[in-house]
Each structure stands twice: as structure tokens, then as C-alpha cells.
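Participant: Have a look at this one before I ask anything.
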Amino acid sequence: MSKSERYSDTNLAYFMLRATLGLNICIHGVSRILQGPGVFANSLVGSFHKTPLPDWSVHLFGLGLPWVEILLGGLVLFGVSLRLALFGGAFLIFLLTLGSSLLQDWNAAGLQLIYAMIYAGLLAFRAKDCLSVDSLRRIADLSSATESSLPSAEER
């Protein structure tokens with residue numbers, strides 16, 4: 001793939017959407033950590049008290065969520081293990097949508113559907129990925145494979 005093809009408008013649009021989503025998710029986690037993971041987890045327990053979920057499970061989820069958001073957001077932002085990170089993010093949104101639905105918070109559930117569509121689109125069009133750690137690895141692998149297939153000076 002030539003440099004101009006690699007940096008086509010479509011590929012750059014994919015990069016910007018991927019990086020923006022990753023930054024957004026990562027900052028969700030960072031802000032919750034700065035607030036205090038226990039504060040966030042306790043607020044969730046109060047919100048979910050009338051749902052069938054046990055308080056301990058909601059609290060545990062609330063303690064882990066910010067760290068998962070930082071991890072998945074960072075992986076998506078920098079394009080590292082992108083397929084796995086996008087699937088993980090989509091699954092996280094699935095879980096958050098379950099929680100919003102149990103609360104009957106349809107506004108939050110609607111916003112989460114937007115996140116779900118973005119994750120699905122990014123996963124479906126992952127071939128358009130450029131300007132990521134994964135794409136740089138692919139380029140390096142291709143160039144080393146090409147160099148290793150060339151005859152050495154002794155063979156020429």
C-alpha cells in the first residue's frame with residue numbers, strides 16, 4: 001500500500017474516530033479514578049439498589065470499571081491490539097447498557113447505543129486503520145518480510 005493510499009481521507013477519518021473514542025473512554029476512567037474509585041462505586045450501589053443486582057457485585061463492578069476504561073481507552077487511542085480492544089469496549093458497552101436498562105434509564109441506554117454503533121463500525125472497518133501501533137507493526141512486518149525475500153549480496 002502506497003503512502004497516499006495509507007493516508008487516504010477514509011483512513012484518516014477512521015483514525016480520528018478511533019482516537020477520539022479511545023480518548024473519550026480513557027478520560028472517563030481517569031476522571032473516576034481522580035474522583036476516587038470508592039466514591040464512584042458507592043454512587044453506583046445507591047443507584048442500583050432497587051435492581052436485582054446484589055450490592056456487592058455493583059460495588060465490585062464500580063471499583064473495576066475506571067481501570068478497564070483506562071486500559072481499553074488507551075488501547076483504542078493508540079491502536080494496540082485493536083481488534084481485541086474494540087471487542088472489549090463493545091462488550092463493556094453491552095454490560096453498561098444492561099445496567100442502564102435495569103435502571104430503566106433510557107437516556108443513558110440511548111447514548112450507549114451510539115457508543116455500540118461506533119465500536120461496531122470501527123471493528124467492521126478495521127482494515128482502514130492507520131496511524132496506530134498495530135498499523136506500524138504491520139508495515140514493519142511487511143518491510144522485513146520483503147527484505148528477507150531479497151537475495152543477499154553473496155547470492156547476487
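In the C-alpha cells, each chain is lettered A, B, ... as it comes, each chain's residues begin at 1, and ligands are numbered from 1 in order of appearance.
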With DSSP run on the backbone, what are the helix (DSSP H, G or I) residues within segment 4-155 of chain A? I'd like them as a PyMOL selection string.
Facilitator: chain A and resi 4-6+9-35+37-47+55-78+82-103+106-124+126-128+133-149
Participant: Could you work out how far atom CA of Gly73 of chain A lies from atom CA of Thr51 of chain A, giving the answer in Å with one decimal?
Facilitator: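 Computed distance, atom CA of Thr51 of chain A to atom CA of Gly73 of chain A, equals 28.2 Å.
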Participant: Write out as a list in words the residues lying within 10 Å of Leu75 of chain A, counting only C-alpha atoms and excluding same-chain residues fewer than 3 positions away.
Facilitator: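 Result of the neighbour search: Ala19, Gly22, Leu23, Cys26, Glu69, Ile70, Leu71, Leu72, Phe78, Gly79, Val80, Ser81, Leu82, Arg83, Leu84, Ala85, Leu86, Gly89, Ser132 and Val133 of chain A.
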Participant: To one decimal place in Å, what is the distance between atom CA of Ile25 of chain A and atom CA of Val39 of chain A?
Facilitator: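 Taking atom CA of Ile25 of chain A as the start and atom CA of Val39 of chain A as the end point, the length is 18.8 Å.
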Participant: Please report the interatomic distance between atom CA of Ser8 of chain A and atom CA of Leu113 of chain A in Å with one decimal.
Facilitator: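 Atom CA of Ser8 of chain A sits 28.3 Å away from atom CA of Leu113 of chain A.
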Participant: Out of A:Met117, A:Val76, A:Val45, A:Leu98, which residue has the shortest atom-to-atom distance to Phe15 of chain A when counting only C-alpha atoms?
Facilitator: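 Of all the options, A:Val76 lies closest to Phe15 of chain A.
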Participant: Residues at most 9 Å from Asn42 of chain A, counting only C-alpha atoms, excluding those fewer than 6 positions away in the same chain, as a PyMOL selection string?
Facilitator: chain A and resi 58-59+62-63
